[in-house]
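Everything below belongs to input_36.pdb, which stores PDB, C-alpha atoms.
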```
ATOM      1  CA  MET A   1       0.000   0.000   0.000
ATOM      2  CA  SER A   2       1.407   3.339  -1.023
ATOM      3  CA  ALA A   3       1.518   6.378   1.173
ATOM      4  CA  ILE A   4      -1.474   8.579   1.668
ATOM      5  CA  HIS A   5      -1.734  11.348  -0.910
ATOM      6  CA  TRP A   6      -2.256  14.342   1.341
ATOM      7  CA  ASP A   7      -3.821  16.519  -1.343
ATOM      8  CA  SER A   8      -6.456  13.864  -1.857
ATOM      9  CA  PHE A   9      -6.930  13.527   1.884
ATOM     10  CA  PHE A  10      -7.606  17.243   2.318
ATOM     11  CA  PHE A  11      -9.761  17.297  -0.816
ATOM     12  CA  LEU A  12     -11.850  14.496   0.668
ATOM     13  CA  PHE A  13     -12.093  16.328   3.984
ATOM     14  CA  PHE A  14     -13.199  19.646   2.482
ATOM     15  CA  ALA A  15     -15.536  17.954  -0.001
ATOM     16  CA  LEU A  16     -17.214  16.022   2.816
ATOM     17  CA  VAL A  17     -17.585  19.194   4.914
ATOM     18  CA  THR A  18     -19.052  21.047   1.932
ATOM     19  CA  CYS A  19     -21.515  18.373   0.845
ATOM     20  CA  VAL A  20     -22.643  17.251   4.313
ATOM     21  CA  PHE A  21     -23.380  20.789   5.477
ATOM     22  CA  ALA A  22     -25.067  21.659   2.167
ATOM     23  CA  VAL A  23     -27.418  18.704   2.661
ATOM     24  CA  ALA A  24     -27.890  19.830   6.278
ATOM     25  CA  VAL A  25     -28.974  23.260   5.011
ATOM     26  CA  VAL A  26     -31.602  21.570   2.864
ATOM     27  CA  VAL A  27     -33.025  19.176   5.452
ATOM     28  CA  SER A  28     -32.955  21.531   8.427
ATOM     29  CA  ASN A  29     -36.137  23.351   9.288
ATOM     30  CA  ASN A  30     -34.728  25.868  11.747
ATOM     31  CA  ILE A  31     -33.629  28.991   9.894
ATOM     32  CA  VAL A  32     -30.944  29.865  12.455
ATOM     33  CA  ARG A  33     -29.354  26.425  12.160
ATOM     34  CA  MET A  34     -29.531  26.702   8.373
ATOM     35  CA  ALA A  35     -27.428  29.866   8.557
ATOM     36  CA  ALA A  36     -24.827  28.112  10.730
ATOM     37  CA  TYR A  37     -24.677  25.130   8.347
ATOM     38  CA  LEU A  38     -24.312  27.514   5.407
ATOM     39  CA  VAL A  39     -21.252  29.085   7.045
ATOM     40  CA  ALA A  40     -19.626  25.649   7.408
ATOM     41  CA  SER A  41     -20.446  24.705   3.809
ATOM     42  CA  LEU A  42     -19.022  27.947   2.414
ATOM     43  CA  CYS A  43     -15.869  27.480   4.494
ATOM     44  CA  GLY A  44     -15.494  24.042   2.907
ATOM     45  CA  VAL A  45     -15.789  25.602  -0.542
ATOM     46  CA  ALA A  46     -13.081  28.109   0.437
ATOM     47  CA  GLY A  47     -10.859  25.199   1.434
ATOM     48  CA  LEU A  48     -11.449  23.587  -1.967
ATOM     49  CA  PHE A  49     -10.464  26.896  -3.612
ATOM     50  CA  PHE A  50      -7.211  26.964  -1.657
ATOM     51  CA  LEU A  51      -6.581  23.339  -2.571
ATOM     52  CA  SER A  52      -7.043  23.896  -6.302
ATOM     53  CA  GLY A  53      -4.518  26.730  -6.358
ATOM     54  CA  ALA A  54      -6.841  29.746  -6.278
ATOM     55  CA  GLN A  55      -5.552  31.322  -3.093
ATOM     56  CA  PHE A  56      -6.929  34.785  -3.742
ATOM     57  CA  LEU A  57     -10.378  33.399  -4.471
ATOM     58  CA  GLY A  58     -10.275  31.300  -1.323
ATOM     59  CA  ALA A  59      -9.437  34.342   0.789
ATOM     60  CA  MET A  60     -12.106  36.333  -1.039
ATOM     61  CA  GLN A  61     -14.631  33.578  -0.383
ATOM     62  CA  LEU A  62     -13.824  33.642   3.322
ATOM     63  CA  MET A  63     -13.957  37.431   3.583
ATOM     64  CA  LEU A  64     -16.850  38.276   1.275
ATOM     65  CA  TYR A  65     -19.089  35.237   1.606
ATOM     66  CA  VAL A  66     -18.504  34.056   5.154
ATOM     67  CA  GLY A  67     -17.752  37.509   6.497
ATOM     68  CA  GLY A  68     -20.150  39.567   4.421
ATOM     69  CA  THR A  69     -22.971  37.774   2.708
ATOM     70  CA  VAL A  70     -23.709  35.300   5.474
ATOM     71  CA  VAL A  71     -23.609  38.059   8.095
ATOM     72  CA  LEU A  72     -26.165  39.876   5.942
ATOM     73  CA  LEU A  73     -28.278  36.715   5.854
ATOM     74  CA  VAL A  74     -27.976  36.313   9.622
ATOM     75  CA  PHE A  75     -29.180  39.889  10.056
ATOM     76  CA  GLY A  76     -32.129  39.036   7.839
ATOM     77  CA  VAL A  77     -32.825  36.007  10.004
ATOM     78  CA  MET A  78     -32.627  38.052  13.199
ATOM     79  CA  LEU A  79     -34.915  40.762  11.851
ATOM     80  CA  THR A  80     -37.575  38.366  10.586
ATOM     81  CA  ALA A  81     -37.361  35.294  12.834
ATOM     82  CA  LYS A  82     -40.218  35.651  15.272
ATOM     83  CA  GLY A  83     -42.183  32.799  16.785
ATOM     84  CA  PRO A  84     -43.638  30.659  14.013
ATOM     85  CA  PHE A  85     -41.238  31.889  11.340
ATOM     86  CA  VAL A  86     -38.165  30.307  12.953
ATOM     87  CA  SER A  87     -39.107  26.867  11.706
ATOM     88  CA  MET A  88     -41.598  26.450   8.902
ATOM     89  CA  GLN A  89     -42.315  22.971   7.626
ATOM     90  CA  SER A  90     -43.072  22.070   4.053
ATOM     91  CA  GLY A  91     -45.641  19.452   3.120
ATOM     92  CA  GLY A  92     -44.737  15.867   2.327
ATOM     93  CA  GLY A  93     -45.880  16.168  -1.269
ATOM     94  CA  GLN A  94     -43.585  19.117  -1.820
ATOM     95  CA  TRP A  95     -40.662  17.159  -0.386
ATOM     96  CA  ILE A  96     -41.356  14.249  -2.748
ATOM     97  CA  LEU A  97     -41.551  16.541  -5.770
ATOM     98  CA  ALA A  98     -38.406  18.447  -4.787
ATOM     99  CA  LEU A  99     -36.426  15.272  -4.153
ATOM    100  CA  LEU A 100     -37.609  13.841  -7.471
ATOM    101  CA  THR A 101     -36.517  16.979  -9.306
ATOM    102  CA  GLY A 102     -33.234  17.192  -7.437
ATOM    103  CA  GLY A 103     -32.464  13.522  -7.918
ATOM    104  CA  SER A 104     -33.054  13.614 -11.650
ATOM    105  CA  LEU A 105     -30.998  16.813 -11.956
ATOM    106  CA  LEU A 106     -28.181  15.211  -9.973
ATOM    107  CA  ALA A 107     -28.307  12.120 -12.209
ATOM    108  CA  VAL A 108     -28.036  14.247 -15.356
ATOM    109  CA  LEU A 109     -25.173  16.322 -13.903
ATOM    110  CA  LEU A 110     -23.227  13.291 -12.705
ATOM    111  CA  GLN A 111     -23.617  11.613 -16.077
ATOM    112  CA  THR A 112     -22.257  14.755 -17.727
ATOM    113  CA  VAL A 113     -19.344  14.875 -15.273
ATOM    114  CA  GLY A 114     -18.523  11.291 -16.205
ATOM    115  CA  GLN A 115     -18.135  12.348 -19.824
ATOM    116  CA  VAL A 116     -15.737  15.198 -19.053
ATOM    117  CA  ARG A 117     -12.181  14.258 -19.902
ATOM    118  CA  PRO A 118      -9.454  16.530 -18.578
ATOM    119  CA  ILE A 119      -7.471  18.123 -21.357
ATOM    120  CA  ALA A 120      -4.238  17.061 -19.715
ATOM    121  CA  GLU A 121      -3.452  14.590 -17.017
ATOM    122  CA  PRO A 122      -3.515  15.930 -13.470
ATOM    123  CA  ASN A 123      -0.121  17.400 -12.877
ATOM    124  CA  PRO A 124       0.939  17.309  -9.225
ATOM    125  CA  ALA A 125       4.259  18.932 -10.088
ATOM    126  CA  ALA A 126       2.415  22.101 -11.009
ATOM    127  CA  ILE A 127       1.218  22.390  -7.423
ATOM    128  CA  ALA A 128       4.733  22.946  -6.199
ATOM    129  CA  ALA A 129       5.489  25.327  -9.055
ATOM    130  CA  ALA A 130       2.254  27.269  -8.729
ATOM    131  CA  ASN A 131       2.751  30.824  -7.593
ATOM    132  CA  PRO A 132       0.175  32.691  -5.584
ATOM    133  CA  THR A 133      -2.238  33.963  -8.180
ATOM    134  CA  THR A 134      -2.988  37.327  -6.581
ATOM    135  CA  THR A 135      -0.473  39.287  -8.635
ATOM    136  CA  GLN A 136      -1.458  37.458 -11.809
ATOM    137  CA  LEU A 137      -5.111  38.229 -11.196
ATOM    138  CA  GLY A 138      -4.390  41.899 -10.593
ATOM    139  CA  ALA A 139      -2.229  42.158 -13.703
ATOM    140  CA  GLY A 140      -4.734  40.188 -15.770
ATOM    141  CA  LEU A 141      -7.517  42.600 -14.882
ATOM    142  CA  VAL A 142      -5.685  45.362 -16.734
ATOM    143  CA  GLY A 143      -4.737  43.102 -19.636
ATOM    144  CA  ILE A 144      -1.288  41.759 -18.767
ATOM    145  CA  ARG A 145      -1.633  38.001 -18.842
ATOM    146  CA  THR A 146       1.158  35.945 -17.384
ATOM    147  CA  ASP A 147      -0.595  32.596 -17.604
ATOM    148  CA  LYS A 148      -1.048  32.460 -21.375
ATOM    149  CA  VAL A 149       2.365  32.698 -22.960
ATOM    150  CA  GLY A 150       3.111  30.880 -26.155
ATOM    151  CA  PRO A 151       2.097  30.812 -29.798
ATOM    152  CA  SER A 152      -1.644  30.903 -29.119
ATOM    153  CA  SER A 153      -1.413  34.060 -27.059
ATOM    154  CA  SER A 154       0.824  35.851 -29.542
ATOM    155  CA  ALA A 155      -1.554  34.906 -32.354
ATOM    156  CA  GLY A 156      -4.379  36.310 -30.288
ATOM    157  CA  ASN A 157      -2.440  39.505 -29.771
ATOM    158  CA  LYS A 158      -1.931  39.934 -33.511
ATOM    159  CA  SER A 159      -5.615  39.752 -34.268
ATOM    160  CA  GLY A 160      -6.463  42.247 -31.584
ATOM    161  CA  ALA A 161      -5.010  43.540 -28.365
ATOM    162  CA  TYR A 162      -6.169  41.697 -25.305
ATOM    163  CA  ALA A 163      -8.391  44.114 -23.478
ATOM    164  CA  GLY A 164      -8.362  42.487 -20.070
ATOM    165  CA  TYR A 165     -11.273  42.672 -17.702
ATOM    166  CA  LEU A 166     -11.028  46.366 -16.936
ATOM    167  CA  LEU A 167     -14.426  47.309 -18.352
ATOM    168  CA  PRO A 168     -16.319  44.451 -16.652
ATOM    169  CA  PHE A 169     -14.498  45.336 -13.441
ATOM    170  CA  GLU A 170     -15.619  48.965 -13.688
ATOM    171  CA  ILE A 171     -19.164  47.952 -14.553
ATOM    172  CA  ILE A 172     -19.364  45.569 -11.626
ATOM    173  CA  SER A 173     -17.983  48.201  -9.252
ATOM    174  CA  VAL A 174     -20.599  50.762 -10.285
ATOM    175  CA  HIS A 175     -23.219  48.002 -10.209
ATOM    176  CA  LEU A 176     -22.288  47.156  -6.623
ATOM    177  CA  LEU A 177     -22.508  50.817  -5.619
ATOM    178  CA  VAL A 178     -25.911  51.280  -7.258
ATOM    179  CA  VAL A 179     -27.198  48.045  -5.751
ATOM    180  CA  LEU A 180     -26.114  48.999  -2.240
ATOM    181  CA  VAL A 181     -27.737  52.442  -2.523
ATOM    182  CA  GLY A 182     -30.882  50.760  -3.837
ATOM    183  CA  ALA A 183     -30.877  48.224  -1.018
ATOM    184  CA  ALA A 184     -30.522  50.975   1.567
ATOM    185  CA  PHE A 185     -33.400  52.820  -0.127
ATOM    186  CA  LEU A 186     -35.592  49.723  -0.131
ATOM    187  CA  ALA A 187     -34.866  48.696   3.442
ATOM    188  CA  ARG A 188     -35.008  52.127   5.052
ATOM    189  CA  ALA A 189     -37.492  52.597   7.834
ATOM    190  CA  LYS A 190     -40.300  54.819   6.642
ATOM    191  CA  ARG A 191     -40.654  56.315  10.075
ATOM    192  CA  ARG A 192     -42.202  59.672   9.275
ATOM    193  CA  VAL A 193     -44.881  58.221   7.045
ATOM    194  CA  ARG A 194     -45.672  55.480   9.520
ATOM    195  CA  ASP A 195     -45.759  57.923  12.425
ATOM    196  CA  THR A 196     -48.253  60.131  10.664
ATOM    197  CA  GLN A 197     -50.299  57.086   9.667
ATOM    198  CA  GLN A 198     -50.241  55.797  13.220
ATOM    199  CA  GLY A 199     -51.218  59.224  14.413
ATOM    200  CA  LEU A 200     -54.136  59.252  11.995
ATOM    201  CA  GLU A 201     -55.155  55.742  13.027
ATOM    202  CA  LEU A 202     -54.906  56.697  16.665
ATOM    203  CA  GLY A 203     -56.962  59.760  15.977
ATOM    204  CA  GLU A 204     -59.580  57.711  14.181
ATOM    205  CA  GLU A 205     -59.605  55.185  17.007
ATOM    206  CA  GLY A 206     -59.913  58.017  19.422
ATOM    207  CA  LEU A 207     -62.794  59.388  17.425
ATOM    208  CA  GLU A 208     -64.537  56.052  16.956
ATOM    209  CA  PRO A 209     -65.861  55.556  20.504
ATOM    210  CA  GLY A 210     -67.293  59.015  20.379
ATOM    211  CA  THR A 211     -69.011  58.427  17.069
TER     212      THR A 211
ATOM    213  CA  MET B 212      -9.087   4.039   0.030
ATOM    214  CA  ASP B 213      -8.287   4.317  -3.645
ATOM    215  CA  LEU B 214      -9.073   8.021  -3.538
ATOM    216  CA  LEU B 215      -6.669   8.561  -0.657
ATOM    217  CA  THR B 216      -3.666   7.253  -2.559
ATOM    218  CA  GLN B 217      -4.470   8.736  -5.968
ATOM    219  CA  PRO B 218      -4.240  12.410  -6.906
ATOM    220  CA  VAL B 219      -7.640  14.003  -7.344
ATOM    221  CA  GLY B 220      -8.723  15.032 -10.815
ATOM    222  CA  LEU B 221     -11.037  17.519 -12.391
ATOM    223  CA  SER B 222     -14.103  15.300 -12.184
ATOM    224  CA  HIS B 223     -13.931  15.081  -8.393
ATOM    225  CA  TYR B 224     -14.305  18.836  -8.141
ATOM    226  CA  LEU B 225     -17.132  18.745 -10.680
ATOM    227  CA  ILE B 226     -18.964  16.144  -8.602
ATOM    228  CA  VAL B 227     -18.758  18.346  -5.501
ATOM    229  CA  GLY B 228     -19.978  21.288  -7.580
ATOM    230  CA  ALA B 229     -22.902  19.229  -8.893
ATOM    231  CA  ILE B 230     -23.915  18.172  -5.377
ATOM    232  CA  LEU B 231     -23.779  21.789  -4.181
ATOM    233  CA  PHE B 232     -25.865  22.914  -7.156
ATOM    234  CA  VAL B 233     -28.537  20.283  -6.605
ATOM    235  CA  CYS B 234     -28.671  21.048  -2.864
ATOM    236  CA  GLY B 235     -29.193  24.702  -3.724
ATOM    237  CA  VAL B 236     -31.970  23.942  -6.214
ATOM    238  CA  VAL B 237     -33.789  21.697  -3.748
ATOM    239  CA  CYS B 238     -33.338  24.340  -1.026
ATOM    240  CA  MET B 239     -34.816  27.008  -3.302
ATOM    241  CA  THR B 240     -37.843  24.889  -4.125
ATOM    242  CA  ILE B 241     -38.583  23.468  -0.678
ATOM    243  CA  LYS B 242     -38.070  26.362   1.726
ATOM    244  CA  ARG B 243     -41.007  28.503   2.708
ATOM    245  CA  ASN B 244     -38.831  31.070   4.440
ATOM    246  CA  ALA B 245     -37.631  33.765   2.043
ATOM    247  CA  VAL B 246     -34.210  33.869   3.717
ATOM    248  CA  GLY B 247     -33.979  30.099   3.213
ATOM    249  CA  VAL B 248     -34.581  30.585  -0.501
ATOM    250  CA  LEU B 249     -31.700  33.084  -0.496
ATOM    251  CA  MET B 250     -29.448  30.484   1.118
ATOM    252  CA  GLY B 251     -30.328  28.103  -1.702
ATOM    253  CA  ILE B 252     -29.248  30.737  -4.217
ATOM    254  CA  GLU B 253     -25.930  31.097  -2.414
ATOM    255  CA  LEU B 254     -25.382  27.336  -2.637
ATOM    256  CA  VAL B 255     -26.123  27.323  -6.380
ATOM    257  CA  LEU B 256     -23.682  30.174  -7.012
ATOM    258  CA  ASN B 257     -21.009  28.382  -5.002
ATOM    259  CA  GLY B 258     -21.460  25.204  -7.000
ATOM    260  CA  ALA B 259     -20.992  27.136 -10.233
ATOM    261  CA  ASN B 260     -17.980  28.950  -8.793
ATOM    262  CA  LEU B 261     -16.358  25.688  -7.791
ATOM    263  CA  ASN B 262     -16.663  24.457 -11.372
ATOM    264  CA  PHE B 263     -15.104  27.655 -12.727
ATOM    265  CA  VAL B 264     -12.166  27.410 -10.335
ATOM    266  CA  ALA B 265     -11.656  23.706 -11.073
ATOM    267  CA  PHE B 266     -11.596  24.349 -14.812
ATOM    268  CA  SER B 267      -9.118  27.192 -14.385
ATOM    269  CA  SER B 268      -6.802  25.328 -12.028
ATOM    270  CA  PRO B 269      -3.484  24.506 -13.700
ATOM    271  CA  GLN B 270      -2.797  21.382 -11.678
ATOM    272  CA  LEU B 271      -6.181  19.870 -12.481
ATOM    273  CA  GLU B 272      -6.617  20.924 -16.060
ATOM    274  CA  GLY B 273      -3.068  20.921 -17.401
ATOM    275  CA  SER B 274      -1.445  24.220 -18.171
ATOM    276  CA  ALA B 275      -1.968  26.682 -21.023
ATOM    277  CA  HIS B 276      -4.868  24.912 -22.730
ATOM    278  CA  GLY B 277      -7.516  25.242 -20.055
ATOM    279  CA  LEU B 278      -9.443  28.290 -19.008
ATOM    280  CA  GLY B 279      -6.349  29.768 -17.424
ATOM    281  CA  LEU B 280      -7.078  32.716 -15.208
ATOM    282  CA  ASP B 281     -10.339  33.462 -17.016
ATOM    283  CA  GLY B 282     -12.238  31.085 -14.770
ATOM    284  CA  GLN B 283     -10.931  32.853 -11.679
ATOM    285  CA  PHE B 284     -11.931  36.249 -13.061
ATOM    286  CA  ILE B 285     -15.458  34.995 -13.662
ATOM    287  CA  ALA B 286     -15.521  33.509 -10.163
ATOM    288  CA  VAL B 287     -14.503  36.889  -8.696
ATOM    289  CA  PHE B 288     -17.328  38.560 -10.591
ATOM    290  CA  VAL B 289     -19.791  35.914  -9.409
ATOM    291  CA  VAL B 290     -18.788  36.475  -5.773
ATOM    292  CA  VAL B 291     -19.304  40.236  -6.083
ATOM    293  CA  LEU B 292     -22.620  39.780  -7.886
ATOM    294  CA  ALA B 293     -23.738  37.336  -5.189
ATOM    295  CA  ALA B 294     -23.024  39.938  -2.513
ATOM    296  CA  ALA B 295     -25.037  42.543  -4.442
ATOM    297  CA  GLU B 296     -27.887  40.105  -5.020
ATOM    298  CA  ALA B 297     -28.000  39.146  -1.344
ATOM    299  CA  ALA B 298     -28.182  42.808  -0.309
ATOM    300  CA  VAL B 299     -31.088  43.606  -2.634
ATOM    301  CA  ALA B 300     -32.952  40.374  -1.919
ATOM    302  CA  LEU B 301     -32.680  40.936   1.830
ATOM    303  CA  ALA B 302     -34.006  44.470   1.439
ATOM    304  CA  ILE B 303     -36.964  43.080  -0.520
ATOM    305  CA  ALA B 304     -37.508  40.393   2.134
ATOM    306  CA  LEU B 305     -37.518  43.060   4.855
ATOM    307  CA  CYS B 306     -40.046  45.113   2.870
ATOM    308  CA  PHE B 307     -42.173  41.994   2.439
ATOM    309  CA  TYR B 308     -41.970  41.264   6.150
ATOM    310  CA  ARG B 309     -42.921  44.833   7.018
ATOM    311  CA  ASN B 310     -45.916  44.863   4.698
ATOM    312  CA  HIS B 311     -47.230  41.350   5.277
ATOM    313  CA  ALA B 312     -46.015  40.671   8.848
ATOM    314  CA  THR B 313     -44.780  37.262   7.647
ATOM    315  CA  ILE B 314     -41.730  35.874   5.844
ATOM    316  CA  ASP B 315     -43.568  32.942   4.275
ATOM    317  CA  VAL B 316     -43.190  33.154   0.507
ATOM    318  CA  ASP B 317     -46.492  31.301   0.040
ATOM    319  CA  ARG B 318     -48.292  34.329   1.419
ATOM    320  CA  GLY B 319     -47.066  36.645  -1.311
ATOM    321  CA  ASN B 320     -49.897  35.822  -3.691
ATOM    322  CA  GLU B 321     -51.503  39.171  -4.465
ATOM    323  CA  LEU B 322     -50.729  38.759  -8.150
ATOM    324  CA  ASN B 323     -52.530  35.401  -8.184
ATOM    325  CA  GLY B 324     -55.227  35.660 -10.806
TER     326      GLY B 324
END
```
Produce structure tokens that represent the structure in this file.
Amino acid sequence: MSAIHWDSFFFLFFALVTCVFAVAVVVSNNIVRMAAYLVASLCGVAGLFFLSGAQFLGAMQLMLYVGGTVVLLVFGVMLTAKGPFVSMQSGGGQWILALLTGGSLLAVLLQTVGQVRPIAEPNPAAIAAANPTTTQLGAGLVGIRTDKVGPSSSAGNKSGAYAGYLLPFEIISVHLLVVLVGAAFLARAKRRVRDTQQGLELGEEGLEPGT
Amino acid sequence: MDLLTQPVGLSHYLIVGAILFVCGVVCMTIKRNAVGVLMGIELVLNGANLNFVAFSSPQLEGSAHGLGLDGQFIAVFVVVLAAAEAAVALAIALCFYRNHATIDVDRGNELNG
């Protein structure tokens, strides 16, 4: 028996964490527990990112998803979870339909995965040679690609200069700004309007016994 | 035990991505809590992201012929878009909760004909 391949061991560990907690999110009825399971599942995905050589994405997953998006979700849970809304059950018929749909979708996806052949054999030597991709990502955003050197890239450069991802990056930045302003506008407390409405209702209630 | 002594390949990552995607779809369809539906969306986006990263990884895909860094760029954009989507969807859920005094998505049926 050969020695344990530690990459495979950690892949198995993170994959199990990811899948088990994702299933736990689905089967759990308590919304607070679902949020906790989601944190564990997203941390497992971040571990898989680190393992496949995308260090920057793994760190970004931990900071943005686990630190940002899930905290946002937890705030949503805290603001809306009252009494009966903490755990809401679905009917048995809905579970059967959802499991049927999910099972058939999973069968189709797994069959497709079985047909995927990697373009090259897995190359463990590249793991040792792989540099942290943060600098490459930053340079690639402005059009300097370090990962595609060779005849194909030079041919691509002859036909047209590689534009990078600068324009999508700008668009997504402005999109994020607009979305956050819109979210703050949507979620703001309409206190003045409600106060006047409550005042009117109180006035009407105060008037009602008299009339 | 065979998996422990062999290096993992691309298809292993794709299987994990497929399981995450299906869990997210089932979560979206089965949950009655609007925040639970949002969690399903997060799972779906993570499954897709995992596939992008696996296809762009040099040690899984072989170098220079795969997606290269393009997959990681798309994954970065997906993460940012997911954050934006979660912010807006939570604002809508809060509005829904304020207007209907419930978070059950089955109760939002005013447009039912």
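Picture a line from atom CA of Thr112 of chain A to atom CA of Leu51 of chain A; it runs 23.4 Å.
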Next on the checklist: Applying the PyMOL selection byres ((chain B and resi 297-309) around 8) to the file I just gave you, which residues come out? Please list them as a list of chain:residue names.
Outcome noted: A:Thr69, A:Leu72, A:Leu73, A:Gly76, A:Leu79, A:Thr80, A:Val179, A:Leu180, A:Gly182, A:Ala183, A:Ala184, A:Leu186, A:Ala187, B:Ala245, B:Val246, B:Leu249, B:Ala293, B:Ala294, B:Ala295, B:Glu296, B:Asn310, B:His311, B:Ala312, B:Thr313, B:Ile314
Checklist entry - In Å, how far is it from atom CA of Ala265 of chain B to atom CA of Val174 of chain A? => result 28.5 Å
Next on the checklist: For Gly103 of chain A, find every residue with an atom within 12 Å (counting all atoms listed in the file), except residues of its own chain fewer than 3 positions away, and show them as a ChimeraX atom specification.
Outcome noted: /A:95-100,106-110 /B:229-230,232-234,236-237
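Running the PyMOL selection byres ((chain B and resi 216) around 6) on this file leaves Ile4 and His5 of chain A; Asp213, Leu214, Leu215 and Gln217 of chain B selected.
Atom CA of Val66 of chain A is found 28.7 Å from atom CA of Thr101 of chain A.
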Next on the checklist: When the PyMOL selection byres ((chain A and resi 11) around 12) is applied to the structure above, which residues does it catch, written out as a count of residues only?
Outcome noted: 34
Hey, what's within 7 Å of Asn29 of chain A if we count all atoms listed in the file and toss same-chain stuff fewer than 6 positions away? As a PDB file with C-alpha atoms, keeping the file's coordinate frame, please?
```pdb
ATOM      1  CA  SER A  87     -39.107  26.867  11.706  1.00  0.00           C
ATOM      2  CA  MET A  88     -41.598  26.450   8.902  1.00  0.00           C
ATOM      3  CA  GLN A  89     -42.315  22.971   7.626  1.00  0.00           C
TER       4      GLN A  89
END
```
Checklist entry - Counting only C-alpha atoms, which residues come within 10 Å of (-22.1, 43.6, -12.2), with the point read in the file's coordinates, and could you list them as number ranges by chain? => result A: 168-179; B: 288-289, 291-293, 295-296
Item to check | Option closest in space to Gly235 of chain B, from B:Leu280, B:Leu254, B:Val287, B:Val248 [counting only C-alpha atoms] | outcome: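 Nearest candidate to Gly235 of chain B out of B:Leu280, B:Leu254, B:Val287, B:Val248: B:Leu254.
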Next on the checklist: Which residue is closest to chain B? Choose from A:Leu137, A:Ala40, A:Leu167, A:Met63 and count all atoms listed in the file.
Outcome noted: A:Leu137
Checklist outcome for this item: Min atom-atom distance to Ile31 of chain A from the set B:Asn257, B:Ser267, B:Asn244, B:Gln283, counting only C-alpha atoms, belongs to B:Asn244
Item to check | Near-Arg243 of chain B list (7 Å; only C-alpha atoms; drop same-chain fewer than 4 positions) as a ChimeraX atom specification | outcome: /A:88,90 /B:315-317
Only C-alpha atoms, please: the residues just picked out, written as a compact mmCIF listing (two decimals), keeping the file's coordinate frame.
```txt
# COMPACT_ATOMS: atom_id res chain seq x y z
CA MET A 88 -41.60 26.45 8.90
CA SER A 90 -43.07 22.07 4.05
CA ASP B 315 -43.57 32.94 4.28
CA VAL B 316 -43.19 33.15 0.51
CA ASP B 317 -46.49 31.30 0.04
```
Checklist outcome for this item: Using all atoms listed in the file, the residue out of A:Phe85, A:Leu57, A:Gly92, A:Ile144 with shortest distance to Ile285 of chain B is A:Leu57
